[in-house]
Amino acid sequence: MTIDLTDTTTGAIDQALTEARRRLGGMTLGMVLTLIIVTDEAAQYDAIRAANQAAREHPCRILAVIARKPKADSRLDAEIRVGESSPGETIVLRMYGPLGQHADSVTAPLLVPDVPVVTWWPDEAPQIPAKDPLGALAQRRVTDTAAADEPREVLSALAEGYQPGDTDFAWTRATPWRSLLAATLDQPHPRVTAGQVAAEADNPTADLIAAWLSLRLNVPVARTVSGGPGITETAFSTLDGDITITRTDGRTATLSWPGKTDRTVALHRRDTAELLAEELRRLDPDEVYAETLSHVRVSPPDQLLAASEDRGEEDF
Amino acid sequence: MDEPNAGETGPAPANPGVIAAELDPVNSLRDPRDRRIPRVAGPCVMVMFGVTGDLARKKLMPALYDLANRGLLPPGFSFVGFARRNWEHEDFAQIAYEAVKEHARTPFRETVWQQLSEGVRFVSGEFDDDAAFDTLADCVRQLDAERGTGGNYAFYLSIPPRSFPVVVQQLKRSGLSDPGPVGPDGHRPWRRVVIEKPFGRDLETAQELNAIVDAVFPAESVFRIDHYLGKETVQNILALRFANTLYEPIWNRSYVDHVQITMSEDIGVGGRAGYYDGIGAARDVIQNHLLQLLALTAMEEPVSFDADSLRQEKEKVLSAVRLPGDIAEGTARGQYAAGWQGGRRVIGFLEEDGIPADSKTETYAAVRLSVDTRRWAGVPFYLRTGKRLTRRMTEIALLFQRAPHLPFAATDTKELSQNALVIRVQPDEGVTVRFGSKVPGSAMEVRDVNMDFAYGESFTESSPEAYERLILDVLIGDPPLFPRQEEVELSWRILDPIEQFWAENTKPEQYRSGSAGPASADALMARDGRAWRRL
């Protein structure tokens, strides 16, 4: 059911929620977290949809915060959706006028008691998420640098302002690649002397993977530019030749190992709901991300190298 | 950059003892703190016998697809089916495609299937046909060459135990079971064999069966699947008991009055009549599922969650299980009679196709066991299982002693029963705590209420199917969730005297389909001044 409340207060919202729950036959309060989505009118539909999908795995109260008409008089409108597609509750909060600057005063009383809070900026994120009032409420702050116009700059700003609990979808997108790379090196392998990651120029995920490889393996890793989609190739240079993983169609990857048969594996790009579900799985600070991010800052990916036709030692 | 690969001496790999053994040099991309990266199986081929069966179609093949979809299968993973049918590779791929499409739990992606199906093969033949097994051997070796599966094979025997000897012998004869020498990369290929219950029908046959498999495969490469142990809730027993402080202090004879472990089914024997007759409920369910649940509930804290520590604790507690002094008084068994179940008229066990009219096989079994340890002395464990009961349900219930003194008038607490902690294994997985609470109003009246944690509504959507987890563990070579032969033998030692007594002395009592079991089971509880929880 959907309940619309105009020019309302958090007290009235809370009461409406309790009443709705009672009318729907006492739904259990099995919610494991509160998810605050900071968004705008144009993007809210997609963001809430993705959050509702993720809520199937992590039942939660979703608070979508939308700031509107900063010059208008202060006013709070709320739209409560319960007992619909997802197991939790969704509250869309529209804040008019100066209230938009004090969104935390609206969200704080509506947090589910005793469970963690996650704040997600699907689009533009504040400079220092942890210092943002809505970020300060949360254990976990999720941004998405890929949504920015200048992903690289945003990434280094995030590195600058990093606080434990920060995380970014650019890093979440790296998981399948990192998993495959780690699984590759699970096999007995010759010593890795260098690495390479090729992707479109504006791909912060590729920057992070390159930084991660170079940090963990302690070898130089080149970040080269390709036509995409997304990341198209990663390579380990070894004394026996290159071990490469190529993915030209954004779906299937091929693992080539010197002296062995090529092997293929599915490696598809994931949608927002899947990324969000992964983020909500772990709510403790991601130390590996922190280290990788600071490595991007101290040694930013090379001035983007053009992908040469015969990729070889000269890249590094 | 003057110290290449210095990270090698750094953090230990995520799965010490599992992956590390195959690593040279250490994989510095693995870091225990990096919990986003999942465990992924190494290159391998899975060969499945009995692919035309229901289990393969509904559970095993969809589980393989789900693993691929989650990115947990290695590049080049291949899957070979072996059965009597006269199929080509493509026919089998089509069957597998339909099975996956219908039963997979993760969304169907054409590209994932495309990639997986490139490694699907089929070999047709009888189990006693040497030529067919030679073809199978050629087929997997060809996969090694074509798809780089590294000579690692897992054999899944989804077949009746009577076929084990011939299949295992064939694997040996055709050289498939031999991992061969250490390769040039310092890695010795592995062989693993997966077998499903029943693990024998008594101690003797269990030992025979084990001897057959053991003669060809070393003990550590035999994986016995009890799919109950792959269920989230069952693994959650460990988390509930050993990750919390709340329960441990009361998890003993000082507070627990008794424990009830139940697995009830609403269905009859159906298509399993041929197998079921002569086996019965106790051998089918108590010997494996219920005794494993008992072990996990009653065992002491293992020093770690690796396979050996966990099994040691389970074996310890299973070896401390004692039978009732008088088996006649401490057990009950029954057969379902015709009746109404779930709104449908159903026939009795003796009228089922394939069941002889004088069958003495039980479809309901209940036993009272005790666990002779300091923690559990004097606390009875009641185990029951049956078919065609009121509803389908599996749970472990700890019933606590009543408070020693109640400062209320007796009438105030009339409706208060024992506190209970119930681990619901299926359906509606979760945990319930039952305790007394005041009824609102001016009078003091205390009544039972439930505090509920439901995995069900929330986490199931994406929680892996038990088989998914278990197959991945087999491919990775991670054994904690698989019972070892010692556990199997210990549970037969518990059950054999009961079966023997039953065979010699009693005939199963008829109970009405759709009821909660035979009257003798209720009498068993009544003698102890207790009652079964309602199904």
# chains A, B, ... in the order shown; residues from 1 in each chain; ligands from 1
$ interface_residues --of "chain A" --to "chain B" --cutoff "9 Å" --atoms "only C-alpha atoms" --output "PyMOL selection string"
chain A and resi 28+30-31+55-59+87-88+172+175-176+178-193+212-213+215-220+251-255+260-268+278+282+286-289
$ write_last_selection --atoms "C-alpha atoms" --output "mmCIF file, in the first residue's frame"
data_model
loop_
_atom_site.group_PDB
_atom_site.id
_atom_site.type_symbol
_atom_site.label_atom_id
_atom_site.label_comp_id
_atom_site.auth_asym_id
_atom_site.auth_seq_id
_atom_site.Cartn_x
_atom_site.Cartn_y
_atom_site.Cartn_z
ATOM 1 C CA THR A 28 7.578 -8.945 11.049
ATOM 2 C CA GLY A 30 13.048 -8.502 10.243
ATOM 3 C CA MET A 31 14.854 -5.544 8.737
ATOM 4 C CA ALA A 55 16.243 -5.645 -0.287
ATOM 5 C CA ARG A 56 15.191 -9.166 -1.189
ATOM 6 C CA GLU A 57 18.571 -10.269 0.017
ATOM 7 C CA HIS A 58 18.875 -7.621 2.729
ATOM 8 C CA PRO A 59 15.444 -6.638 4.010
ATOM 9 C CA PRO A 87 10.092 -7.313 2.063
ATOM 10 C CA GLY A 88 11.004 -4.028 3.765
ATOM 11 C CA THR A 172 32.409 -3.258 -6.351
ATOM 12 C CA THR A 175 35.101 -7.945 -7.727
ATOM 13 C CA PRO A 176 34.448 -10.419 -10.576
ATOM 14 C CA ARG A 178 39.657 -9.572 -9.051
ATOM 15 C CA SER A 179 38.125 -12.936 -8.266
ATOM 16 C CA LEU A 180 39.189 -14.280 -11.646
ATOM 17 C CA LEU A 181 42.673 -12.782 -11.327
ATOM 18 C CA ALA A 182 43.130 -14.283 -7.866
ATOM 19 C CA ALA A 183 41.821 -17.649 -9.080
ATOM 20 C CA THR A 184 44.298 -17.484 -11.966
ATOM 21 C CA LEU A 185 47.200 -17.082 -9.590
ATOM 22 C CA ASP A 186 45.842 -19.922 -7.411
ATOM 23 C CA GLN A 187 47.333 -22.146 -10.090
ATOM 24 C CA PRO A 188 51.050 -22.867 -9.991
ATOM 25 C CA HIS A 189 52.459 -19.989 -11.978
ATOM 26 C CA PRO A 190 55.787 -18.473 -12.936
ATOM 27 C CA ARG A 191 56.837 -15.312 -11.134
ATOM 28 C CA VAL A 192 54.915 -12.248 -12.223
ATOM 29 C CA THR A 193 57.181 -9.390 -13.244
ATOM 30 C CA TRP A 212 45.437 -3.308 -6.479
ATOM 31 C CA LEU A 213 47.616 -5.544 -8.655
ATOM 32 C CA LEU A 215 50.162 -3.063 -4.585
ATOM 33 C CA ARG A 216 49.638 -6.752 -3.956
ATOM 34 C CA LEU A 217 52.208 -8.102 -6.412
ATOM 35 C CA ASN A 218 54.645 -5.247 -5.927
ATOM 36 C CA VAL A 219 55.313 -4.994 -9.652
ATOM 37 C CA PRO A 220 54.714 -2.159 -12.112
ATOM 38 C CA ARG A 251 30.343 -11.002 -21.378
ATOM 39 C CA THR A 252 32.822 -13.820 -21.850
ATOM 40 C CA ALA A 253 36.458 -13.795 -20.871
ATOM 41 C CA THR A 254 39.259 -15.882 -22.333
ATOM 42 C CA LEU A 255 42.187 -16.942 -20.203
ATOM 43 C CA LYS A 260 48.252 -24.082 -22.404
ATOM 44 C CA THR A 261 44.926 -24.171 -24.161
ATOM 45 C CA ASP A 262 42.812 -21.042 -24.032
ATOM 46 C CA ARG A 263 39.928 -21.328 -21.589
ATOM 47 C CA THR A 264 36.764 -19.283 -21.500
ATOM 48 C CA VAL A 265 34.606 -18.226 -18.592
ATOM 49 C CA ALA A 266 31.497 -16.086 -18.227
ATOM 50 C CA LEU A 267 32.360 -12.631 -16.893
ATOM 51 C CA HIS A 268 29.390 -10.384 -17.309
ATOM 52 C CA GLU A 278 27.251 -6.963 -2.660
ATOM 53 C CA ARG A 282 29.564 -6.600 4.466
ATOM 54 C CA ASP A 286 36.921 -2.557 3.602
ATOM 55 C CA GLU A 287 40.624 -2.326 4.380
ATOM 56 C CA VAL A 288 41.746 -3.697 1.054
ATOM 57 C CA TYR A 289 39.789 -0.946 -0.690
#
$ residues_around --residues "Gln44 of chain A" --least-positions-apart "4" --cutoff "10 Å" --atoms "only C-alpha atoms" --output "list in words"
Ile37, Val38, Thr39, Asp40, Ile48, Arg49, Ala50, Ala64, Val65, Ile66, Val92 and Pro122 of chain A
$ residues_around --residues "segment 195-209 of chain A" --least-positions-apart "6" --cutoff "7 Å" --atoms "only C-alpha atoms" --output "list in words"
Ala146, Pro151, Arg152, Ala170, Trp171, Arg173, Ala174, Pro220, Val221, Ala222, Arg223, Thr224, Val225, Ser226, Gly227, Gly228, Gly230, Ile231, Thr232, Glu233, Thr234, Ala235, Phe236, Ser237, Thr292, Leu293, Val296 and Pro301 of chain A
$ write_last_selection --atoms "C-alpha atoms" --output "mmCIF file, in the first residue's frame"
data_model
loop_
_atom_site.group_PDB
_atom_site.id
_atom_site.type_symbol
_atom_site.label_atom_id
_atom_site.label_comp_id
_atom_site.auth_asym_id
_atom_site.auth_seq_id
_atom_site.Cartn_x
_atom_site.Cartn_y
_atom_site.Cartn_z
ATOM 1 C CA ALA A 146 31.728 6.166 -12.590
ATOM 2 C CA PRO A 151 35.818 9.964 -12.558
ATOM 3 C CA ARG A 152 39.552 10.221 -11.988
ATOM 4 C CA ALA A 170 33.924 1.355 -9.029
ATOM 5 C CA TRP A 171 35.493 -1.025 -6.510
ATOM 6 C CA ARG A 173 32.534 -3.624 -10.129
ATOM 7 C CA ALA A 174 36.090 -4.875 -9.774
ATOM 8 C CA PRO A 220 54.714 -2.159 -12.112
ATOM 9 C CA VAL A 221 51.257 -2.303 -13.651
ATOM 10 C CA ALA A 222 50.400 -0.296 -16.762
ATOM 11 C CA ARG A 223 46.957 1.103 -17.348
ATOM 12 C CA THR A 224 46.258 1.283 -21.058
ATOM 13 C CA VAL A 225 43.331 2.644 -23.018
ATOM 14 C CA SER A 226 41.131 0.514 -25.215
ATOM 15 C CA GLY A 227 37.780 0.945 -26.893
ATOM 16 C CA GLY A 228 35.863 -0.968 -24.235
ATOM 17 C CA GLY A 230 34.492 -1.640 -19.798
ATOM 18 C CA ILE A 231 37.676 -3.493 -19.082
ATOM 19 C CA THR A 232 38.894 -5.440 -22.090
ATOM 20 C CA GLU A 233 42.112 -7.056 -20.936
ATOM 21 C CA THR A 234 44.351 -7.760 -17.979
ATOM 22 C CA ALA A 235 47.762 -9.318 -18.318
ATOM 23 C CA PHE A 236 50.507 -10.701 -16.096
ATOM 24 C CA SER A 237 53.998 -10.697 -17.610
ATOM 25 C CA THR A 292 44.126 0.296 -2.912
ATOM 26 C CA LEU A 293 42.568 3.728 -2.914
ATOM 27 C CA VAL A 296 45.906 5.203 -6.463
ATOM 28 C CA PRO A 301 47.792 5.222 -12.866
#
$ residues_around --residues "Glu274 of chain A" --least-positions-apart "5" --cutoff "9 Å" --atoms "only C-alpha atoms" --output "PyMOL selection string"
chain A and resi 50+53-54+279
$ closest_residue --among "B:His405, B:Gly151, B:Trp87, B:Arg201" --to "Gly180 of chain B" --atoms "only C-alpha atoms"
B:Gly151
$ residues_around --residues "Val142 of chain A" --least-positions-apart "3" --cutoff "10 Å" --atoms "only C-alpha atoms" --output "PyMOL selection string"
chain A and resi 37+118-122+125+129+135+138+145+165-169+172+276+279-280
$ write_last_selection --atoms "C-alpha atoms" --output "PDB file, in the first residue's frame"
ATOM      1  CA  ILE A  37      19.458   6.950  -0.797  1.00  0.00           C
ATOM      2  CA  VAL A 118      24.084   2.642   4.918  1.00  0.00           C
ATOM      3  CA  THR A 119      24.021   5.835   2.857  1.00  0.00           C
ATOM      4  CA  TRP A 120      24.174   5.572  -0.915  1.00  0.00           C
ATOM      5  CA  TRP A 121      24.711   8.373  -3.407  1.00  0.00           C
ATOM      6  CA  PRO A 122      23.807   6.839  -6.793  1.00  0.00           C
ATOM      7  CA  ALA A 125      28.580  12.345  -4.055  1.00  0.00           C
ATOM      8  CA  PRO A 129      31.141  11.455   2.315  1.00  0.00           C
ATOM      9  CA  GLY A 135      26.977  10.216   5.597  1.00  0.00           C
ATOM     10  CA  ALA A 138      25.982   5.770   8.437  1.00  0.00           C
ATOM     11  CA  THR A 145      32.653   7.584  -9.204  1.00  0.00           C
ATOM     12  CA  GLY A 165      33.340   2.651   5.949  1.00  0.00           C
ATOM     13  CA  ASP A 166      33.640   4.446   2.608  1.00  0.00           C
ATOM     14  CA  THR A 167      33.244   2.371  -0.490  1.00  0.00           C
ATOM     15  CA  ASP A 168      32.597   2.974  -4.158  1.00  0.00           C
ATOM     16  CA  PHE A 169      30.790   1.081  -6.899  1.00  0.00           C
ATOM     17  CA  THR A 172      32.409  -3.258  -6.351  1.00  0.00           C
ATOM     18  CA  LEU A 276      24.255  -2.774  -4.105  1.00  0.00           C
ATOM     19  CA  GLU A 279      27.882  -3.718  -0.779  1.00  0.00           C
ATOM     20  CA  LEU A 280      25.207  -4.518   1.784  1.00  0.00           C
TER      21      LEU A 280
END
$ select_by_dssp --residues "segment 96-278 of chain A" --states "helix (DSSP H, G or I)" --output "PyMOL selection string"
chain A and resi 97-110+129-131+133-136+145-147+151-160+169-172+175-186+204-217+272-278
$ atom_distance --atom1 "atom CA of Gly250 of chain A" --atom2 "atom CA of Arg270 of chain A"
10.1 Å
$ atom_distance --atom1 "atom CA of Leu55 of chain B" --atom2 "atom CA of Leu535 of chain B"
27.2 Å
$ residues_around --residues "segment 423-428 of chain B" --least-positions-apart "3" --cutoff "7 Å" --atoms "only C-alpha atoms" --output "number ranges by chain"
B: 233-234, 393-397, 431-432, 454, 456
$ residues_around --residues "Pro116 of chain A" --least-positions-apart "5" --cutoff "12 Å" --atoms "only C-alpha atoms" --output "PyMOL selection string"
chain A and resi 31-36+58+60-61+111+137-141+165+280-284
$ select_by_dssp --residues "segment 252-306 of chain B" --states "strand (DSSP E or B)" --output "PyMOL selection string"
chain B and resi 256-264
$ write_last_selection --atoms "N, CA and C atoms" --output "short mmCIF file (atom, residue, chain, number, x, y, z; two decimals), in the first residue's frame"
data_model
loop_
_atom_site.label_atom_id
_atom_site.label_comp_id
_atom_site.auth_asym_id
_atom_site.auth_seq_id
_atom_site.Cartn_x
_atom_site.Cartn_y
_atom_site.Cartn_z
N VAL B 256 18.47 -26.99 30.12
CA VAL B 256 17.67 -27.67 29.10
C VAL B 256 16.97 -28.86 29.74
N ASP B 257 15.68 -28.96 29.49
CA ASP B 257 14.91 -30.09 30.01
C ASP B 257 15.01 -31.27 29.06
N HIS B 258 14.75 -31.02 27.80
CA HIS B 258 14.93 -32.06 26.81
C HIS B 258 15.01 -31.42 25.42
N VAL B 259 15.41 -32.23 24.43
CA VAL B 259 15.58 -31.74 23.06
C VAL B 259 14.73 -32.59 22.13
N GLN B 260 14.02 -31.95 21.21
CA GLN B 260 13.24 -32.69 20.22
C GLN B 260 13.76 -32.36 18.83
N ILE B 261 14.13 -33.38 18.09
CA ILE B 261 14.58 -33.16 16.71
C ILE B 261 13.59 -33.88 15.79
N THR B 262 12.99 -33.12 14.92
CA THR B 262 11.88 -33.64 14.11
C THR B 262 12.15 -33.44 12.63
N MET B 263 11.88 -34.46 11.84
CA MET B 263 11.77 -34.22 10.40
C MET B 263 10.52 -34.93 9.95
N SER B 264 9.50 -34.16 9.61
CA SER B 264 8.27 -34.80 9.17
C SER B 264 8.03 -34.45 7.71
#
$ closest_atom_pairs --of "segment 221-321 of chain B" --to "segment 357-363 of chain B" --cutoff "7 Å" --atoms "only C-alpha atoms" --output "tab-separated table"
residue	atom	partner	partner_atom	distance
B:Asp277	CA	B:Thr361	CA	5.9
B:Gly278	CA	B:Thr361	CA	5.4
B:Ile279	CA	B:Thr361	CA	6.7
B:Gly280	CA	B:Glu362	CA	5.0
B:Ala281	CA	B:Thr363	CA	5.0
$ atom_distance --atom1 "atom CA of Ala219 of chain B" --atom2 "atom CA of Ala56 of chain B"
24.5 Å
$ decode --residues "segment 274-293 of chain A" --atoms "N, CA and C atoms" --output "compact mmCIF listing (two decimals), in the first residue's frame"
# COMPACT_ATOMS: atom_id res chain seq x y z
N GLU A 274 22.68 -5.72 -8.21
CA GLU A 274 23.67 -6.71 -7.78
C GLU A 274 24.84 -6.04 -7.06
N LEU A 275 25.24 -4.87 -7.58
CA LEU A 275 26.34 -4.14 -6.94
C LEU A 275 25.93 -3.74 -5.52
N LEU A 276 24.72 -3.23 -5.41
CA LEU A 276 24.25 -2.77 -4.10
C LEU A 276 24.16 -3.95 -3.14
N ALA A 277 23.65 -5.09 -3.64
CA ALA A 277 23.52 -6.27 -2.77
C ALA A 277 24.89 -6.68 -2.26
N GLU A 278 25.91 -6.61 -3.13
CA GLU A 278 27.25 -6.96 -2.66
C GLU A 278 27.72 -6.00 -1.58
N GLU A 279 27.46 -4.70 -1.77
CA GLU A 279 27.88 -3.72 -0.78
C GLU A 279 27.21 -3.95 0.57
N LEU A 280 25.95 -4.37 0.53
CA LEU A 280 25.21 -4.52 1.78
C LEU A 280 25.58 -5.80 2.53
N ARG A 281 26.30 -6.69 1.83
CA ARG A 281 26.65 -7.97 2.45
C ARG A 281 27.64 -7.77 3.59
N ARG A 282 28.54 -6.82 3.44
CA ARG A 282 29.56 -6.60 4.47
C ARG A 282 29.49 -5.16 4.89
N LEU A 283 29.37 -4.92 6.18
CA LEU A 283 29.21 -3.54 6.61
C LEU A 283 30.40 -3.04 7.41
N ASP A 284 31.44 -3.84 7.48
CA ASP A 284 32.64 -3.38 8.18
C ASP A 284 33.54 -2.67 7.18
N PRO A 285 34.48 -1.84 7.66
CA PRO A 285 35.35 -1.12 6.73
C PRO A 285 36.11 -2.08 5.82
N ASP A 286 36.22 -1.72 4.57
CA ASP A 286 36.92 -2.56 3.60
C ASP A 286 38.37 -2.09 3.53
N GLU A 287 39.24 -2.79 4.27
CA GLU A 287 40.62 -2.33 4.38
C GLU A 287 41.38 -2.47 3.07
N VAL A 288 41.04 -3.49 2.32
CA VAL A 288 41.75 -3.70 1.05
C VAL A 288 41.42 -2.54 0.10
N TYR A 289 40.17 -2.11 0.13
CA TYR A 289 39.79 -0.95 -0.69
C TYR A 289 40.56 0.29 -0.23
N ALA A 290 40.65 0.47 1.09
CA ALA A 290 41.36 1.64 1.62
C ALA A 290 42.80 1.67 1.13
N GLU A 291 43.46 0.52 1.21
CA GLU A 291 44.86 0.46 0.79
C GLU A 291 44.99 0.72 -0.72
N THR A 292 44.08 0.13 -1.46
CA THR A 292 44.13 0.30 -2.91
C THR A 292 43.89 1.75 -3.28
N LEU A 293 42.91 2.35 -2.62
CA LEU A 293 42.57 3.73 -2.91
C LEU A 293 43.74 4.65 -2.60
